[in-house]
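Here is the file run.cif (mmCIF, C-alpha atoms and all ligand atoms).
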```cif
data_structure
loop_
_atom_site.label_atom_id
_atom_site.label_comp_id
_atom_site.auth_asym_id
_atom_site.auth_seq_id
_atom_site.Cartn_x
_atom_site.Cartn_y
_atom_site.Cartn_z
CA MET A 7 -8.54 -6.82 10.92
CA ALA A 8 -5.28 -8.69 10.85
CA ASN A 9 -5.49 -12.32 11.92
CA ILE A 10 -2.90 -13.65 14.38
CA GLN A 11 -3.39 -17.13 12.89
CA ARG A 12 -2.02 -15.74 9.64
CA ARG A 13 0.96 -13.97 11.20
CA LEU A 14 3.83 -14.08 8.72
CA PRO A 15 6.86 -16.03 10.02
CA GLU A 16 9.13 -13.18 8.87
CA ASN A 17 7.81 -10.92 11.69
CA VAL A 18 10.10 -10.60 14.70
CA PRO A 19 8.48 -11.69 17.99
CA GLY A 20 6.44 -9.02 19.77
CA ASP A 21 3.24 -7.03 19.68
CA PHE A 22 2.99 -5.71 16.10
CA PHE A 23 2.74 -8.14 13.20
CA VAL A 24 1.77 -8.35 9.52
CA ASP A 25 -0.42 -11.20 8.32
CA SER A 26 -0.47 -13.13 5.06
CA THR A 27 -3.08 -10.83 3.42
CA CYS A 28 -0.38 -8.17 2.83
CA ILE A 29 -0.35 -7.05 -0.83
CA ASP A 30 3.10 -5.46 -0.58
CA CYS A 31 1.95 -1.91 -1.29
CA ASP A 32 4.86 -0.58 0.81
CA THR A 33 2.80 1.99 2.70
CA CYS A 34 3.85 0.68 6.13
CA ARG A 35 7.55 0.77 5.27
CA GLN A 36 7.28 4.34 4.02
CA LEU A 37 5.38 5.49 7.10
CA ALA A 38 7.34 3.57 9.75
CA PRO A 39 10.67 2.52 8.23
CA THR A 40 12.22 1.60 11.58
CA VAL A 41 9.44 -0.94 12.20
CA PHE A 42 8.40 -2.43 8.83
CA HIS A 43 10.45 -3.62 5.91
CA ASP A 44 9.88 -5.40 2.64
CA HIS A 45 11.27 -8.91 3.00
CA GLY A 46 10.53 -9.87 -0.60
CA GLU A 47 6.98 -10.26 -1.86
CA GLN A 48 5.45 -8.88 1.33
CA CYS A 49 6.23 -6.62 4.29
CA SER A 50 6.81 -7.62 7.90
CA VAL A 51 7.87 -6.20 11.25
CA TYR A 52 11.65 -6.37 11.62
CA HIS A 53 11.88 -4.19 14.74
CA GLN A 54 9.16 -3.76 17.35
CA PRO A 55 8.38 -0.12 18.29
CA GLU A 56 10.30 0.99 21.37
CA THR A 57 9.45 4.68 21.63
CA ASP A 58 6.13 6.55 21.65
CA ALA A 59 7.04 8.05 18.29
CA GLU A 60 7.67 4.60 16.77
CA THR A 61 4.40 3.29 18.22
CA GLN A 62 2.47 6.18 16.73
CA LEU A 63 4.02 5.64 13.29
CA ALA A 64 3.27 1.90 13.50
CA MET A 65 -0.36 2.72 14.40
CA MET A 66 -0.54 5.13 11.47
CA ALA A 67 0.67 2.31 9.23
CA LEU A 68 -1.99 0.03 10.73
CA VAL A 69 -4.70 2.58 9.85
CA ALA A 70 -3.30 3.39 6.43
CA CYS A 71 -2.85 -0.26 5.37
CA PRO A 72 -5.31 -0.95 2.52
CA THR A 73 -5.93 -4.58 3.48
CA GLY A 74 -6.03 -4.44 7.28
CA SER A 75 -2.97 -6.69 7.32
CA ILE A 76 -1.27 -5.11 10.34
CA GLY A 77 -2.28 -6.19 13.82
CA THR A 78 -1.22 -6.10 17.44
CA THR A 79 -1.43 -8.82 20.09
CA LYS A 80 -2.08 -6.29 22.86
CA LYS A 81 -4.71 -3.59 22.90
CA GLN A 82 -3.31 -0.38 21.46
CA ASN A 83 -4.84 3.08 21.32
CA ALA A 84 -6.30 3.18 17.80
CA ARG A 85 -6.75 6.96 18.01
CA LEU A 86 -2.96 7.28 17.77
CA GLY A 87 -3.20 6.25 14.14
CA ILE A 88 -6.69 7.42 13.24
CA ASP A 89 -6.33 10.99 14.53
CA ALA A 90 -3.02 11.47 12.75
CA PHE A 91 -4.72 11.67 9.34
CA PRO A 92 -4.76 13.73 7.25
CA SER A 93 -1.08 14.03 8.10
CA LEU A 94 0.83 17.19 7.22
CA VAL A 95 3.47 16.83 4.50
CA ALA A 96 4.40 20.50 4.12
CA GLU A 97 2.67 23.90 4.11
CA ASN A 98 -0.98 23.14 3.28
CA VAL A 99 -0.43 19.70 1.75
CA TYR A 100 -1.50 16.57 3.65
CA PHE A 101 -1.26 12.81 3.14
CA CYS A 102 -4.72 11.27 3.63
CA GLY A 103 -3.68 7.83 4.92
CA PHE A 104 -6.59 5.31 4.75
CA THR A 105 -5.39 3.86 1.45
CA SER A 106 -7.71 1.69 -0.60
CA GLU A 107 -7.16 -1.89 -1.73
CA SER A 108 -8.87 -1.11 -5.04
CA SER A 109 -6.03 1.27 -5.88
CA PHE A 110 -3.42 -1.12 -4.44
CA GLY A 111 -2.71 1.18 -1.54
CA ALA A 112 -2.02 4.28 -3.65
CA TRP A 113 -1.43 7.45 -1.64
CA SER A 114 -3.80 10.37 -1.94
CA TYR A 115 -3.27 13.95 -0.81
CA LEU A 116 -5.35 16.88 0.39
CA ILE A 117 -4.48 20.50 -0.32
CA VAL A 118 -6.20 22.82 2.15
CA ARG A 119 -6.81 26.37 0.99
CA PRO A 120 -9.44 29.07 1.48
CA GLU A 121 -12.49 29.23 -0.77
CA SER A 122 -11.13 32.55 -2.07
CA ASP A 123 -8.13 30.62 -3.43
CA GLY A 124 -10.29 27.96 -5.04
CA GLY A 125 -11.00 25.70 -2.06
CA ASN A 126 -9.63 22.32 -1.05
CA LEU A 127 -8.27 19.80 -3.51
CA LEU A 128 -8.15 16.03 -3.16
CA ILE A 129 -5.55 14.33 -5.34
CA ASP A 130 -6.61 10.74 -6.08
CA SER A 131 -9.01 8.90 -3.85
CA PRO A 132 -8.41 7.40 -0.43
CA ARG A 133 -10.75 4.91 1.23
CA PHE A 134 -14.13 6.45 2.10
CA ALA A 135 -13.52 5.93 5.82
CA THR A 136 -15.87 7.60 8.30
CA HIS A 137 -13.16 9.29 10.34
CA LEU A 138 -11.31 10.60 7.30
CA VAL A 139 -14.49 11.96 5.74
CA ARG A 140 -15.33 13.75 9.00
CA ARG A 141 -11.85 15.25 9.27
CA ILE A 142 -11.93 16.43 5.65
CA SER A 143 -15.32 18.03 6.35
CA GLU A 144 -13.84 19.84 9.37
CA MET A 145 -10.95 21.01 7.21
CA GLY A 146 -13.29 22.60 4.67
CA GLY A 147 -14.51 19.73 2.47
CA ILE A 148 -13.40 19.20 -1.12
CA ARG A 149 -13.90 21.62 -4.00
CA GLN A 150 -12.11 19.61 -6.71
CA MET A 151 -10.90 16.03 -6.96
CA LEU A 152 -7.92 15.57 -9.25
CA LEU A 153 -7.53 12.04 -10.58
CA THR A 154 -4.11 11.19 -11.97
CA HIS A 155 -5.26 8.05 -13.77
CA ARG A 156 -7.74 5.20 -13.82
CA ASP A 157 -5.96 2.94 -11.29
CA ASP A 158 -6.13 5.34 -8.34
CA ILE A 159 -9.76 6.48 -8.38
CA ALA A 160 -10.90 4.14 -5.53
CA ASP A 161 -13.96 5.71 -3.82
CA HIS A 162 -14.12 8.83 -6.02
CA GLN A 163 -17.87 8.51 -6.50
CA LEU A 164 -18.56 8.46 -2.75
CA PHE A 165 -16.38 11.54 -2.17
CA ALA A 166 -17.97 13.36 -5.11
CA THR A 167 -21.46 12.63 -3.79
CA LYS A 168 -20.59 13.60 -0.21
CA PHE A 169 -18.78 16.86 -1.00
CA GLY A 170 -20.33 17.82 -4.35
CA CYS A 171 -16.84 18.30 -5.77
CA GLU A 172 -15.88 18.53 -9.40
CA ARG A 173 -13.72 15.65 -10.59
CA VAL A 174 -10.94 16.20 -13.11
CA MET A 175 -9.59 13.33 -15.21
CA HIS A 176 -8.32 12.60 -18.70
CA ALA A 177 -10.66 11.32 -21.43
CA ASP A 178 -8.20 8.59 -22.41
CA ASP A 179 -8.47 6.94 -18.98
CA GLY A 180 -12.23 6.53 -19.20
CA ALA A 181 -13.30 9.76 -17.51
CA ARG A 182 -16.60 9.82 -19.38
CA ASN A 183 -17.53 6.31 -18.33
CA ILE A 184 -17.27 7.12 -14.64
CA GLY A 185 -19.17 10.41 -14.78
CA VAL A 186 -16.26 12.83 -14.34
CA GLU A 187 -17.38 16.46 -14.55
CA ARG A 188 -14.27 18.05 -16.09
CA ILE A 189 -12.59 16.02 -18.78
CA ILE A 190 -9.09 16.81 -20.03
CA MET A 191 -8.34 16.04 -23.67
CA GLY A 192 -5.11 15.77 -25.63
CA GLU A 193 -1.61 16.40 -24.34
CA LYS A 194 -1.53 20.17 -23.81
CA GLU A 195 -1.11 21.46 -20.28
CA VAL A 196 -4.21 23.02 -18.72
CA TRP A 197 -4.28 25.67 -15.97
CA LEU A 198 -7.14 24.94 -13.56
CA ASP A 199 -6.40 28.13 -11.62
CA ASP A 200 -3.44 30.44 -11.01
CA ASP A 201 -1.67 27.84 -8.83
CA LEU A 202 -2.69 24.60 -10.39
CA LEU A 203 -1.44 23.08 -13.63
CA VAL A 204 -2.53 19.81 -15.25
CA ILE A 205 0.19 18.10 -17.30
CA PRO A 206 -0.83 15.05 -19.35
CA THR A 207 1.86 12.36 -19.06
CA PRO A 208 0.85 9.33 -21.14
CA GLY A 209 2.84 6.20 -20.45
CA HIS A 210 1.80 4.34 -17.32
CA THR A 211 -1.69 4.64 -18.75
CA ARG A 212 -2.76 6.46 -21.89
CA GLY A 213 -4.59 9.17 -19.97
CA HIS A 214 -2.21 9.59 -17.05
CA MET A 215 -1.75 13.16 -15.78
CA VAL A 216 0.36 14.84 -13.11
CA PHE A 217 -0.62 18.00 -11.22
CA LEU A 218 1.75 20.86 -10.38
CA TYR A 219 0.68 23.06 -7.49
CA LYS A 220 2.35 26.42 -6.82
CA LYS A 221 5.28 25.39 -9.01
CA ARG A 222 6.53 23.41 -5.99
CA PHE A 223 4.41 20.33 -5.39
CA LEU A 224 4.22 17.76 -8.19
CA PHE A 225 1.57 15.07 -7.66
CA THR A 226 2.82 12.27 -9.84
CA GLY A 227 0.41 9.32 -9.52
CA ASP A 228 2.20 6.28 -10.94
CA HIS A 229 4.36 8.28 -13.34
CA LEU A 230 7.33 9.28 -11.16
CA ALA A 231 8.57 8.51 -7.65
CA TRP A 232 11.73 8.49 -5.56
CA SER A 233 13.95 5.44 -5.30
CA PRO A 234 15.92 5.32 -2.03
CA ALA A 235 17.90 2.37 -3.39
CA ARG A 236 19.11 4.29 -6.44
CA ASN A 237 19.06 7.67 -4.69
CA SER A 238 17.27 9.07 -7.69
CA LEU A 239 13.89 9.73 -9.19
CA THR A 240 12.49 6.66 -10.88
CA ALA A 241 9.64 5.13 -12.85
CA PHE A 242 8.29 1.58 -13.03
CA PRO A 243 8.79 -0.20 -16.38
CA SER A 244 6.99 -3.37 -15.26
CA VAL A 245 3.73 -1.43 -14.90
CA ALA A 246 3.98 0.83 -17.95
CA TRP A 247 0.60 -0.49 -19.10
CA TYR A 248 0.34 1.85 -22.10
CA SER A 249 3.88 2.54 -23.32
CA TRP A 250 7.31 2.83 -21.70
CA THR A 251 8.54 4.84 -24.71
CA ARG A 252 5.69 7.30 -24.28
CA GLN A 253 6.29 7.45 -20.55
CA THR A 254 9.95 8.33 -21.20
CA GLU A 255 8.84 11.11 -23.57
CA SER A 256 6.36 12.36 -20.96
CA MET A 257 9.13 12.39 -18.38
CA SER A 258 11.27 14.58 -20.65
CA ARG A 259 8.41 17.10 -20.84
CA LEU A 260 8.64 17.58 -17.08
CA LEU A 261 12.02 19.25 -17.62
CA ASN A 262 9.95 22.29 -18.66
CA TYR A 263 8.79 22.75 -15.07
CA ASP A 264 10.30 23.53 -11.71
CA PHE A 265 9.20 21.55 -8.65
CA GLU A 266 10.57 20.78 -5.21
CA TRP A 267 8.31 17.95 -4.12
CA VAL A 268 7.47 14.67 -5.81
CA LEU A 269 4.31 13.22 -4.24
CA PRO A 270 3.49 9.88 -5.87
CA GLY A 271 0.68 7.38 -5.58
CA HIS A 272 3.14 4.51 -5.33
CA GLY A 273 6.78 4.72 -4.34
CA ASP A 274 8.55 7.12 -2.03
CA LEU A 275 7.94 10.85 -1.96
CA HIS A 276 10.88 13.24 -2.13
CA HIS A 277 11.75 16.86 -1.36
CA ASP A 278 14.74 18.80 -2.63
CA THR A 279 15.64 22.07 -4.31
CA ALA A 280 14.29 22.65 -7.81
CA LEU A 281 17.85 22.49 -9.11
CA LYS A 282 18.52 19.09 -7.58
CA MET A 283 15.13 17.80 -8.69
CA ARG A 284 16.05 18.75 -12.24
CA TYR A 285 19.32 16.86 -11.90
CA HIS A 286 17.49 13.78 -10.56
CA LEU A 287 14.90 14.04 -13.32
CA GLN A 288 17.62 14.12 -15.97
CA SER A 289 19.22 11.04 -14.39
CA CYS A 290 15.86 9.30 -14.37
CA ILE A 291 15.25 10.05 -18.06
CA ALA A 292 18.75 8.80 -18.99
CA TRP A 293 18.08 5.60 -17.02
CA MET A 294 14.66 5.15 -18.64
CA LYS A 295 16.23 5.32 -22.09
CA THR A 296 18.48 2.39 -21.19
CA ARG A 297 15.43 0.28 -20.35
CA ARG A 298 13.79 0.35 -23.78
S1 LIG A 301 0.58 -1.34 4.33
FE1 LIG A 301 -0.41 -3.33 4.57
S2 LIG A 301 -0.60 -4.18 2.50
FE2 LIG A 301 0.83 -2.48 2.40
S3 LIG A 301 2.84 -3.46 2.62
FE3 LIG A 301 2.20 -2.85 4.67
S4 LIG A 301 1.14 -4.61 5.55
FE4 LIG A 301 1.31 -4.95 3.34
#
```
Translate the structure described by the file into structure tokens.
Amino acid sequence: MANIQRRLPENVPGDFFVDSTCIDCDTCRQLAPTVFHDHGEQCSVYHQPETDAETQLAMMALVACPTGSIGTTKKQNARLGIDAFPSLVAENVYFCGFTSESSFGAWSYLIVRPESDGGNLLIDSPRFATHLVRRISEMGGIRQMLLTHRDDIADHQLFATKFGCERVMHADDGARNIGVERIIMGEKEVWLDDDLLVIPTPGHTRGHMVFLYKKRFLFTGDHLAWSPARNSLTAFPSVAWYSWTRQTESMSRLLNYDFEWVLPGHGDLHHDTALKMRYHLQSCIAWMKTRR
């Protein structure tokens, strides 16, 4: 729970506030950009919600915040935020909300599909929150858990135990050590089923992978995201823990695939035509090469 005594001075006066425990994961800004902004090393409220829609988005940010850093001075209806998750992104793809501090607020996603199509997929791990677990159960549980890399695994063990799902992760990110059932090796792509492709993308970490679903949705972990400031796809050189050069090479490999959605763990998501995504990807690769 956010603490009013720790209210950041950067917040504008009013009901909603961010306290000093904020870790600057950016989730609140992405969810409610008319309410929260990044003022430097942390986020704060720069505009108090005025409409019902703004209040709901602010409550979703409150629920999704990994550190419980968002609070209100008046009593608000918590269900506004809680019941909104999993929140539809497009078609059968949902954002789980309830991010985890152990993965620095990384976003995780749920793909809902019939058992005959392979069942539901969880991409990276959210917080093992009671409400979210119940909602996922109601939506059909989890058949497979796809882990992009070691940083965003959060409560994977609790989800695996609860739903009996198979976890998929790369050997080079320690999959064996954490008991993962299906371990990916090497750098060749692997089809998990007719709609689901695993693409190893070493760089951010040695065993980082992205997942391409239906040749439309690319779940990118910490490999690739959208930059509103540069109006382009981007990557993060300051956190290329394994190798920026390798990450640039991995990015070039993605030119072999079409996709219309980039759904990252950190950074903004983005939707566009496959043609424009290719253009943005080429721009990103050219930019990455200047950062060596
Ligand atoms: S979601 Fe929470 S931790 Fe993340 S930037 Fe907002 S207030 Fe800070």
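In this model, the gap between atom FE4 of ligand LIG 301 (chain A) and CA of Cys71 (chain A) comes to 6.6 Å.
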| Using all atoms listed in the file, what are the residues with an atom within 6 Å of ligand LIG 301 (chain A), set out as a list of chain:residue names? | A:Val24, A:Cys28, A:Ile29, A:Asp30, A:Cys31, A:Asp32, A:Thr33, A:Cys34, A:Cys49, A:Cys71, A:Pro72, A:Thr73, A:Ser75, A:Ile76
| said: Could you list, as JSON, numbers by chain, every residue within 6 Å of Gln150 (chain A), counting only C-alpha atoms and ignoring same-chain residues fewer than 2 positions away? | reply: {"A": [127, 148, 171, 172, 173]}
Export of prior selection with C-alpha atoms as a PDB file, keeping the file's coordinate frame:
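Output contents, as saved in result_4.pdb:
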```
ATOM      1  CA  LEU A 127      -8.270  19.800  -3.510  1.00  0.00           C
ATOM      2  CA  ILE A 148     -13.400  19.200  -1.120  1.00  0.00           C
ATOM      3  CA  CYS A 171     -16.840  18.300  -5.770  1.00  0.00           C
ATOM      4  CA  GLU A 172     -15.880  18.530  -9.400  1.00  0.00           C
ATOM      5  CA  ARG A 173     -13.720  15.650 -10.590  1.00  0.00           C
TER       6      ARG A 173
END
```
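The spacing separating CA of Phe217 (chain A) from CA of Leu269 (chain A) amounts to 9.8 Å.
Taking CA of His53 (chain A) and CA of Val18 (chain A) as the two end points, the separation is 6.7 Å.
Using only C-alpha atoms, the smallest distance between any of A:Met175, A:Ser238, A:Gly185, A:Gly124 and Asp199 (chain A) comes from A:Gly124.
Proximity to Arg35 (chain A) was assessed for A:Gln288, A:Ala64, A:Gly227, A:Arg141 counting all atoms listed in the file; the smallest distance is recorded for A:Ala64.
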Write out as a PDB file with C-alpha atoms, keeping the file's coordinate frame which residues come within 8 Å of Thr78 (chain A) when counting all atoms listed in the file, dropping same-chain ones fewer than 3 positions away.
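Result saved to result.pdb:
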```pdb
ATOM      1  CA  ASP A  21       3.240  -7.030  19.680  1.00  0.00           C
ATOM      2  CA  PHE A  22       2.990  -5.710  16.100  1.00  0.00           C
ATOM      3  CA  PHE A  23       2.740  -8.140  13.200  1.00  0.00           C
ATOM      4  CA  LYS A  81      -4.710  -3.590  22.900  1.00  0.00           C
ATOM      5  CA  GLN A  82      -3.310  -0.380  21.460  1.00  0.00           C
TER       6      GLN A  82
END
```
| request: Pick out the residues sitting within 12 Å of Tyr285 (chain A), and hand them over as an NGL selection string; count all atoms listed in the file, and ignore anything fewer than 5 positions along from it in its own chain. | output: :A and (237-239 or 260-261 or 264-266 or 278-280 or 290-292)
| Nearest to Gln163 (chain A), chosen from A:Arg140, A:Ala241, A:Gly147, A:Ser131, with only C-alpha atoms counted in the distances | A:Ser131
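Closest approach to Lys295 (chain A) from the set A:Thr167, A:Thr240, A:Asn262, A:Ser109 is made by A:Thr240, with distances taken over all atoms listed in the file.
For the choices A:Thr105, A:Thr40, A:Ser258, A:Phe242, the atom-to-atom distance to Ala135 (chain A) is smallest for A:Thr105 when using only C-alpha atoms.
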| task | Have a look at A:Ala160, A:Leu224, A:Val196, A:Ile189 and name the one nearest to Val99 (chain A); count all atoms listed in the file. | result | A:Leu224
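For region 85-96 of chain A, the residues within 6 Å (counting all atoms listed in the file, excluding itself and residues fewer than 6 positions away along the chain) are Gln62, Met65, Met66, Val69, Cys102 and Gly103 of chain A.
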Contacts of Phe225 (chain A) within 9 Å, all atoms listed in the file, excl. fewer than 5 positions in-chain, as a compact mmCIF listing (two decimals) with C-alpha atoms, in the frame of the given file:
```txt
# COMPACT_ATOMS: atom_id res chain seq x y z
CA TYR A 115 -3.27 13.95 -0.81
CA ILE A 129 -5.55 14.33 -5.34
CA THR A 154 -4.11 11.19 -11.97
CA MET A 215 -1.75 13.16 -15.78
CA VAL A 216 0.36 14.84 -13.11
CA PHE A 217 -0.62 18.00 -11.22
CA LEU A 218 1.75 20.86 -10.38
CA TYR A 219 0.68 23.06 -7.49
CA LEU A 230 7.33 9.28 -11.16
CA TRP A 267 8.31 17.95 -4.12
CA VAL A 268 7.47 14.67 -5.81
CA LEU A 269 4.31 13.22 -4.24
CA PRO A 270 3.49 9.88 -5.87
CA GLY A 271 0.68 7.38 -5.58
```
